[in-house]
Amino acid sequence: MEFRTIIEPFRIHSVEPIRITTAAERESALRAAGFNLFALRGEDVLIDLLTESGTGAMNSEQWAGIQRGDESYAGSPSWFRFRDAVQDLFGFAHVIPTHQGRAAEKILFSVLGGAGKAIPNNTHFDTTRANVEFSGAEAIDLPVAEARIPASEHPFKGNMDVAALEALLAERAGDVPVVFVTVTNNSGGGQPVSLENLHAVRAVCERFGKRLFLDGCRFAENAWFIREREPGQEGRPIPDIVREMASLADGMTMSAKKDGLANIGGWLALDDDALAEQARTLLILTEGFPTYGGLAGRDLEAIAQGLREVVDEDYLRYRIGSTAYLGDALHAAGVPLVRPSGGHAVYLDARALLPHVPPAELPGQALACALYETGGIRGCEIGTVMFGEHALMDLVRLAIPRRTYTQSHIDYVIEVVRAVAERADQLRGMRIVTEPAALRHFTATFAPL
Ligand code: F0G
């Protein structure tokens, strides 16, 4: 492109009003929510960057698909369109539709997990870790060393530490039923995994006779980074890169709420016939018949179409470019954040921004609350609240819903974050008032110190 302005490669077709709130309204909403942003009402949020999962806008072709949705209990044409779209990109023999990603995880780890087992991953996302642990198995994170250094500009900070994987398998091969790689690495900053790293992980898995699965939530964003950053991959068609990524794996779990460009959905896909059989049996117990899983026919159509749109180059250039626009502006303003910018989100480094607030006083939660109070922006703590003692960093993720906010919304976000950063030394830490036994970030309540 000759011009530098990032333009959204779409026009707006219908609009959703968002409500401007006052600082006093936000303060009282936050107090009523126990300082947990998950407990806010959506209408009290101006720019909602809590997650980009299922919060994106669908294209007119996806809405057309919603109309075409066929709700036959078994063998719906919508199912075949969905299955073909998944197989076209990933090539796995079995596709098992689920209502979202964690349902696929639950089924897979019910079969493969259990006491004494260990599941390595570059970094488990919270639901993945929770599903592994719920089965009785141990979830082990093996990110490369650069992943722990927010300021490092390494191009593939999502990579798995291959030597650490090898050491783990040398010691406990019998305990490991599957190796996982999450593309992109969400908990580690939305950072990509290189093809070279996937090949190296695959080689180790083969040596030890282990299955390799992808957590493929953001496969298209990962493929775009490979095309932009990996030597020899420049200009390669995105579907080609995706197929190569998938060819290195024996299966995948997927949340279609991310790179499926849909508001709901997911799948488990794999080559192993016997494992697929066991998974389908569990699917019927908790999700539904194997040709719809946990989804309506119309949802299957939206995903099938979304998979075509998400590998479009104009879309991905805009998508990754607009996330980098936010990250680069904050970086230039001196706001500490995970570098380089991730694909779906920008991660503010709360430990660096609030050095006077130790991790035990929840700097990420304090920063997330300040962003809401100051400008009505809802982000998500990814740190000590979410991971407890497993937290490597205290981050606030500003996740960008797909095709939803315009550049002026993002300019507003930049202004608000800069204003909060300028008075960061005045922010106080927080303490937990109440917390549940697991996944505490969703329902815990907090108080400022
Ligand atoms: N794996 C990764 C890497 C994820 O980011 C998520 C969800 C899941 C699995 C589970 O998928 O939500 O469809 O059940 N991440 C969302 C987020 C919730 O905000 O990052 P799901």
# chains A, B, ... in the order shown; residues from 1 in each chain; ligands from 1
$ select_by_dssp --residues "region 180-272 of chain A" --states "strand (DSSP E or B)" --output "list in words"
Phe180, Val181, Thr182, Asn185, Gln191, Arg211, Leu212, Phe213, Leu214, Asp215, Gly251, Met252, Thr253, Met254, Ser255, Gly266, Trp267, Leu268, Ala269 and Leu270 of chain A
$ closest_atom_pairs --of "chain A" --to "ligand 1" --cutoff "9 Å" --atoms "only C-alpha atoms and all ligand atoms" --output "Markdown table"
| residue | atom | partner | partner_atom_place_in_ligand_line | distance |
| --- | --- | --- | --- | --- |
| A:Leu50 | CA | ligand 1 | 19 (O) | 6.9 |
| A:Thr51 | CA | ligand 1 | 19 (O) | 4.2 |
| A:Glu52 | CA | ligand 1 | 19 (O) | 6.1 |
| A:Ser53 | CA | ligand 1 | 16 (C) | 5.1 |
| A:Gly54 | CA | ligand 1 | 13 (O) | 7.8 |
| A:His99 | CA | ligand 1 | 13 (O) | 7.6 |
| A:Gln100 | CA | ligand 1 | 13 (O) | 3.9 |
| A:Gly101 | CA | ligand 1 | 13 (O) | 3.6 |
| A:Arg102 | CA | ligand 1 | 14 (O) | 3.6 |
| A:Ala103 | CA | ligand 1 | 14 (O) | 6.4 |
| A:Ala104 | CA | ligand 1 | 14 (O) | 8.0 |
| A:Glu105 | CA | ligand 1 | 9 (C) | 7.7 |
| A:Thr123 | CA | ligand 1 | 3 (C) | 8.5 |
| A:His124 | CA | ligand 1 | 3 (C) | 7.1 |
| A:Phe125 | CA | ligand 1 | 3 (C) | 5.0 |
| A:Asp126 | CA | ligand 1 | 6 (C) | 7.5 |
| A:Thr127 | CA | ligand 1 | 10 (C) | 5.8 |
| A:Thr128 | CA | ligand 1 | 9 (C) | 6.0 |
| A:Thr182 | CA | ligand 1 | 3 (C) | 5.9 |
| A:Val183 | CA | ligand 1 | 3 (C) | 7.1 |
| A:Thr184 | CA | ligand 1 | 3 (C) | 7.1 |
| A:Asn185 | CA | ligand 1 | 3 (C) | 6.5 |
| A:Asn186 | CA | ligand 1 | 3 (C) | 5.2 |
| A:Ser187 | CA | ligand 1 | 3 (C) | 7.3 |
| A:Gly190 | CA | ligand 1 | 3 (C) | 8.8 |
| A:Asp215 | CA | ligand 1 | 1 (N) | 5.8 |
| A:Gly216 | CA | ligand 1 | 3 (C) | 7.3 |
| A:Cys217 | CA | ligand 1 | 3 (C) | 5.7 |
| A:Arg218 | CA | ligand 1 | 3 (C) | 7.4 |
| A:Thr253 | CA | ligand 1 | 9 (C) | 7.6 |
| A:Met254 | CA | ligand 1 | 9 (C) | 6.8 |
| A:Ser255 | CA | ligand 1 | 13 (O) | 4.1 |
| A:Ala256 | CA | ligand 1 | 13 (O) | 6.6 |
| A:Lys257 | CA | ligand 1 | 13 (O) | 5.8 |
| A:Lys258 | CA | ligand 1 | 13 (O) | 7.6 |
| A:Ile264 | CA | ligand 1 | 13 (O) | 7.2 |
| A:Gly265 | CA | ligand 1 | 13 (O) | 6.7 |
| A:Gly266 | CA | ligand 1 | 13 (O) | 6.3 |
| A:Cys380 | CA | ligand 1 | 19 (O) | 8.2 |
| A:Ala399 | CA | ligand 1 | 19 (O) | 7.6 |
$ closest_atom_pairs --of "region 285-354 of chain A" --to "region 364-369 of chain A" --cutoff "10 Å" --atoms "only C-alpha atoms" --output "Markdown table"
| residue | atom | partner | partner_atom | distance |
| --- | --- | --- | --- | --- |
| A:Leu348 | CA | A:Gly364 | CA | 8.5 |
| A:Asp349 | CA | A:Gly364 | CA | 7.9 |
| A:Ala350 | CA | A:Gly364 | CA | 5.2 |
| A:Arg351 | CA | A:Gly364 | CA | 7.4 |
| A:Leu353 | CA | A:Leu367 | CA | 8.8 |
| A:Leu354 | CA | A:Leu367 | CA | 8.2 |
$ residues_around --residues "Ala249 (chain A)" --least-positions-apart "5" --cutoff "7 Å" --atoms "only C-alpha atoms" --output "JSON, numbers by chain"
{"A": [212, 213, 214]}
$ residues_around --residues "region 401-417 of chain A" --least-positions-apart "2" --cutoff "6 Å" --atoms "only C-alpha atoms" --output "ChimeraX atom specification"
/A:52,55-57,375,419-420
$ write_last_selection --atoms "N, CA and C atoms" --output "compact mmCIF listing (two decimals), in the first residue's frame"
# COMPACT_ATOMS: atom_id res chain seq x y z
N GLU A 52 -11.48 -10.53 23.21
CA GLU A 52 -11.88 -10.50 21.80
C GLU A 52 -12.51 -11.83 21.45
N THR A 55 -16.67 -11.59 20.66
CA THR A 55 -17.17 -10.22 20.75
C THR A 55 -16.98 -9.46 19.44
N GLY A 56 -16.58 -10.15 18.39
CA GLY A 56 -16.33 -9.49 17.11
C GLY A 56 -17.62 -9.30 16.31
N ALA A 57 -17.49 -8.55 15.21
CA ALA A 57 -18.63 -8.31 14.34
C ALA A 57 -18.60 -9.30 13.18
N GLY A 375 -11.59 6.08 32.10
CA GLY A 375 -12.12 6.26 30.74
C GLY A 375 -13.17 5.25 30.32
N ALA A 419 -3.10 8.91 30.11
CA ALA A 419 -3.49 9.72 31.28
C ALA A 419 -3.29 8.92 32.56
N VAL A 420 -3.66 7.63 32.54
CA VAL A 420 -3.49 6.79 33.73
C VAL A 420 -2.00 6.59 34.01
$ residues_around --residues "region 230-232 of chain A" --least-positions-apart "5" --cutoff "9 Å" --atoms "only C-alpha atoms" --output "VMD selection string"
chain A and resid 155 to 156 194 to 196 225
$ write_last_selection --atoms "N, CA and C atoms" --output "PDB file, in the first residue's frame"
ATOM      1  N   PRO A 155      11.020 -11.950  17.807  1.00  0.00           N
ATOM      2  CA  PRO A 155       9.867 -12.034  16.904  1.00  0.00           C
ATOM      3  C   PRO A 155       8.931 -13.211  17.192  1.00  0.00           C
ATOM      4  N   PHE A 156       9.424 -14.232  17.896  1.00  0.00           N
ATOM      5  CA  PHE A 156       8.581 -15.412  18.150  1.00  0.00           C
ATOM      6  C   PHE A 156       8.611 -15.787  19.627  1.00  0.00           C
ATOM      7  N   SER A 194       6.905 -19.815  15.775  1.00  0.00           N
ATOM      8  CA  SER A 194       7.440 -19.924  14.410  1.00  0.00           C
ATOM      9  C   SER A 194       7.223 -21.332  13.865  1.00  0.00           C
ATOM     10  N   LEU A 195       7.247 -21.430  12.534  1.00  0.00           N
ATOM     11  CA  LEU A 195       7.188 -22.751  11.909  1.00  0.00           C
ATOM     12  C   LEU A 195       8.411 -23.570  12.314  1.00  0.00           C
ATOM     13  N   GLU A 196       9.542 -22.893  12.405  1.00  0.00           N
ATOM     14  CA  GLU A 196      10.775 -23.585  12.786  1.00  0.00           C
ATOM     15  C   GLU A 196      10.613 -24.236  14.166  1.00  0.00           C
ATOM     16  N   PHE A 225       1.924 -13.623  11.322  1.00  0.00           N
ATOM     17  CA  PHE A 225       3.236 -13.286  11.895  1.00  0.00           C
ATOM     18  C   PHE A 225       4.343 -14.133  11.244  1.00  0.00           C
TER      19      PHE A 225
END
$ atom_distance --atom1 "CA of Phe80 (chain A)" --atom2 "CA of Ile303 (chain A)"
11.9 Å
$ residues_around --residues "region 12-18 of chain A" --least-positions-apart "2" --cutoff "9 Å" --atoms "only C-alpha atoms" --output "list in words"
Phe10, Ile20, Glu43, Asp44, Val45, Leu46, Ile47, Asn59 and Ser60 of chain A
$ closest_residue --among "A:Pro355, A:Pro192, A:Gly136, A:Pro177" --to "Ser341 (chain A)" --atoms "only C-alpha atoms"
A:Pro192
$ atom_distance --atom1 "CA of Glu133 (chain A)" --atom2 "CA of Phe38 (chain A)"
23.1 Å
$ closest_residue --among "A:Met430, A:Ala296, A:Leu285, A:Ala302" --to "Asn263 (chain A)" --atoms "only C-alpha atoms"
A:Ala302
$ select_by_dssp --residues "region 222-355 of chain A" --states "helix (DSSP H, G or I)" --output "VMD selection string"
chain A and resid 222 to 229 238 to 247 273 to 286 297 to 310 313 to 332 350 to 353
$ closest_residue --among "A:Ala447, A:Ala200, A:Ile377, A:Val86" --to "Met160 (chain A)" --atoms "only C-alpha atoms"
A:Ala200
$ residues_around --residues "region 307-310 of chain A" --least-positions-apart "5" --cutoff "8 Å" --atoms "only C-alpha atoms" --output "JSON, numbers by chain"
{"A": [85, 86, 220, 259, 260, 261, 315, 316]}
$ write_last_selection --atoms "all heavy atoms" --output "compact mmCIF listing (two decimals), in the first residue's frame"
# COMPACT_ATOMS: atom_id res chain seq x y z
N ALA A 85 -15.03 -26.81 5.75
CA ALA A 85 -14.22 -25.59 5.95
C ALA A 85 -13.07 -25.87 6.92
O ALA A 85 -11.95 -25.41 6.71
CB ALA A 85 -15.10 -24.45 6.47
N VAL A 86 -13.36 -26.64 7.97
CA VAL A 86 -12.30 -26.97 8.94
C VAL A 86 -11.27 -27.88 8.28
O VAL A 86 -10.05 -27.65 8.37
CB VAL A 86 -12.90 -27.64 10.20
CG1 VAL A 86 -11.80 -28.13 11.13
CG2 VAL A 86 -13.83 -26.68 10.94
N ALA A 220 -4.80 -17.96 12.54
CA ALA A 220 -4.62 -17.09 11.37
C ALA A 220 -3.67 -15.94 11.73
O ALA A 220 -2.83 -15.55 10.91
CB ALA A 220 -5.97 -16.56 10.89
N ASP A 259 -10.37 -16.89 16.02
CA ASP A 259 -10.16 -16.85 14.57
C ASP A 259 -11.18 -17.65 13.77
O ASP A 259 -10.99 -17.88 12.57
CB ASP A 259 -8.72 -17.28 14.23
CG ASP A 259 -7.73 -16.11 14.39
OD1 ASP A 259 -8.20 -14.98 14.61
OD2 ASP A 259 -6.52 -16.33 14.28
N GLY A 260 -12.31 -18.02 14.37
CA GLY A 260 -13.45 -18.50 13.60
C GLY A 260 -14.35 -17.33 13.21
O GLY A 260 -15.32 -17.50 12.48
N LEU A 261 -14.03 -16.14 13.74
CA LEU A 261 -14.81 -14.91 13.50
C LEU A 261 -16.30 -15.09 13.83
O LEU A 261 -17.16 -14.47 13.20
CB LEU A 261 -14.66 -14.43 12.04
CG LEU A 261 -13.25 -13.99 11.60
CD1 LEU A 261 -13.29 -13.50 10.15
CD2 LEU A 261 -12.71 -12.87 12.50
N TYR A 315 -7.82 -8.53 5.46
CA TYR A 315 -8.29 -8.59 6.85
C TYR A 315 -7.12 -8.70 7.81
O TYR A 315 -7.02 -7.95 8.80
CB TYR A 315 -9.26 -9.78 7.05
CG TYR A 315 -9.43 -10.10 8.52
CD1 TYR A 315 -10.17 -9.25 9.34
CD2 TYR A 315 -8.78 -11.19 9.09
CE1 TYR A 315 -10.27 -9.50 10.70
CE2 TYR A 315 -8.87 -11.45 10.45
CZ TYR A 315 -9.62 -10.60 11.26
OH TYR A 315 -9.69 -10.83 12.61
N LEU A 316 -6.21 -9.63 7.57
CA LEU A 316 -5.12 -9.86 8.53
C LEU A 316 -4.16 -8.68 8.59
O LEU A 316 -3.65 -8.34 9.67
CB LEU A 316 -4.38 -11.16 8.20
CG LEU A 316 -5.11 -12.43 8.65
CD1 LEU A 316 -4.43 -13.67 8.07
CD2 LEU A 316 -5.17 -12.53 10.18
$ atom_distance --atom1 "CA of Gly376 (chain A)" --atom2 "CA of Arg26 (chain A)"
7.0 Å
$ closest_residue --among "A:Gly342, A:Gly379, A:Pro290, A:Gly158" --to "Leu40 (chain A)" --atoms "only C-alpha atoms"
A:Gly379
